[in-house]
Every structure is written in C-alpha cells, then in structure tokens.
Amino acid sequence: MKRSELIVRVISASVSLCLISIPVSSVHAADEQAAAASAATSKQAQKAQRKTDRKAQRAKNNAELSELEKNGYKPAGNQTDYPQNLQNAQRKADAKKQGASAP
C-alpha cells in the first residue's frame with residue numbers, strides 16, 4: 001500500500017504543479033505583452049519629446065536671428081565685415097533688452 005500511496009501522491013503533486021503553472025505562464029505572457037506595449041509607448045513618447053525639443057530650439061534660433069536682422073545684421077549681405085556686423089547687431093539687441101527691462 002505504501003507504494004500505491006506514494007504513486008497517488010506523486011501523480012496528484014504533478015497534476016497540481018501543472019494546474020498551477022498554466023495560469024502563471026499565461027500571466028507571465030500577459031506581463032511580457034504589457035511590457036512590450038509599454039516600451040513601444042515609451043519609445044514613442046521619447047520620440048515626441050525630442051521632436052518638441054527640436055521645434056522649440058528652432059523657434060528660439062529663428063527668433064534670435066530675426067532680432068539680429070532687425071538690428072542691422074544681414075546674413076546674406078556682404079561678409080567682409082562679418083564678425084563686426086554680427087557683434088554690432090548683438091550689442092544693439094542687448095541694449096534694447098536692457099532698456100526694455102529697466103524701469
């Protein structure tokens with residue numbers, strides 16, 4: 001009887017382990033799918049953030065160039081006095097900012 005009792009216990013333990021592992025493996029697969037979806041969403045969010053940052057930087061650069069052009073800098077003009085023309089325009093822009101911020 002001991003042998004048959006042992007066989008019954010081994011079989012019941014095997015069946016129990018099989019039944020327990022089925023839901024765990026399906027939950028694990030669901031977790032992997034969720035992680036993959038999260039990674040894709042995260043990647044998309046990072047890409048969108050980089051695009052937003054590039055657009056903001058481009059807008060800032062265009063605003064600075066526009067301000068310099070208003071103060072006399074001509075990027076397509078004569079470049080013989082290039083650094084001096086740019087520096088003069090920058091000084092004028094800085095002076096206007098200082099004048100506007102001073103009460």
# chains A, B, ... in the order shown; residues from 1 in each chain; ligands from 1

$ residues_around --residues "Asn85 in chain A" --least-positions-apart "6" --cutoff "9 Å" --atoms "only C-alpha atoms" --output "list in words"
Gly72, Tyr73, Lys74 and Gln79 of chain A

$ residues_around --residues "range 58-71 of chain A" --least-positions-apart "6" --cutoff "7 Å" --atoms "only C-alpha atoms" --output "ChimeraX atom specification"
/A:89-90,92-93

$ decode --residues "range 52-77 of chain A" --atoms "C-alpha atoms" --output "PDB file, in the first residue's frame"
ATOM      1  CA  THR A  52       9.116  69.008 -29.463  1.00  0.00           C
ATOM      2  CA  ASP A  53      12.579  69.974 -28.195  1.00  0.00           C
ATOM      3  CA  ARG A  54      13.887  70.393 -31.755  1.00  0.00           C
ATOM      4  CA  LYS A  55      10.925  72.570 -32.712  1.00  0.00           C
ATOM      5  CA  ALA A  56      11.391  74.735 -29.622  1.00  0.00           C
ATOM      6  CA  GLN A  57      15.125  75.139 -30.300  1.00  0.00           C
ATOM      7  CA  ARG A  58      14.467  76.003 -33.956  1.00  0.00           C
ATOM      8  CA  ALA A  59      11.891  78.617 -32.929  1.00  0.00           C
ATOM      9  CA  LYS A  60      14.353  80.119 -30.440  1.00  0.00           C
ATOM     10  CA  ASN A  61      17.125  80.266 -33.055  1.00  0.00           C
ATOM     11  CA  ASN A  62      14.795  81.843 -35.603  1.00  0.00           C
ATOM     12  CA  ALA A  63      13.671  84.443 -33.055  1.00  0.00           C
ATOM     13  CA  GLU A  64      17.288  85.325 -32.224  1.00  0.00           C
ATOM     14  CA  LEU A  65      18.203  85.615 -35.900  1.00  0.00           C
ATOM     15  CA  SER A  66      15.142  87.740 -36.551  1.00  0.00           C
ATOM     16  CA  GLU A  67      16.114  90.041 -33.677  1.00  0.00           C
ATOM     17  CA  LEU A  68      19.647  90.398 -35.049  1.00  0.00           C
ATOM     18  CA  GLU A  69      18.295  91.139 -38.527  1.00  0.00           C
ATOM     19  CA  LYS A  70      16.066  93.871 -37.070  1.00  0.00           C
ATOM     20  CA  ASN A  71      19.198  95.404 -35.573  1.00  0.00           C
ATOM     21  CA  GLY A  72      21.146  95.557 -38.823  1.00  0.00           C
ATOM     22  CA  TYR A  73      22.689  92.129 -39.324  1.00  0.00           C
ATOM     23  CA  LYS A  74      22.312  90.792 -42.864  1.00  0.00           C
ATOM     24  CA  PRO A  75      23.399  87.156 -43.138  1.00  0.00           C
ATOM     25  CA  ALA A  76      23.080  87.201 -46.944  1.00  0.00           C
ATOM     26  CA  GLY A  77      24.846  90.545 -47.293  1.00  0.00           C
TER      27      GLY A  77
END
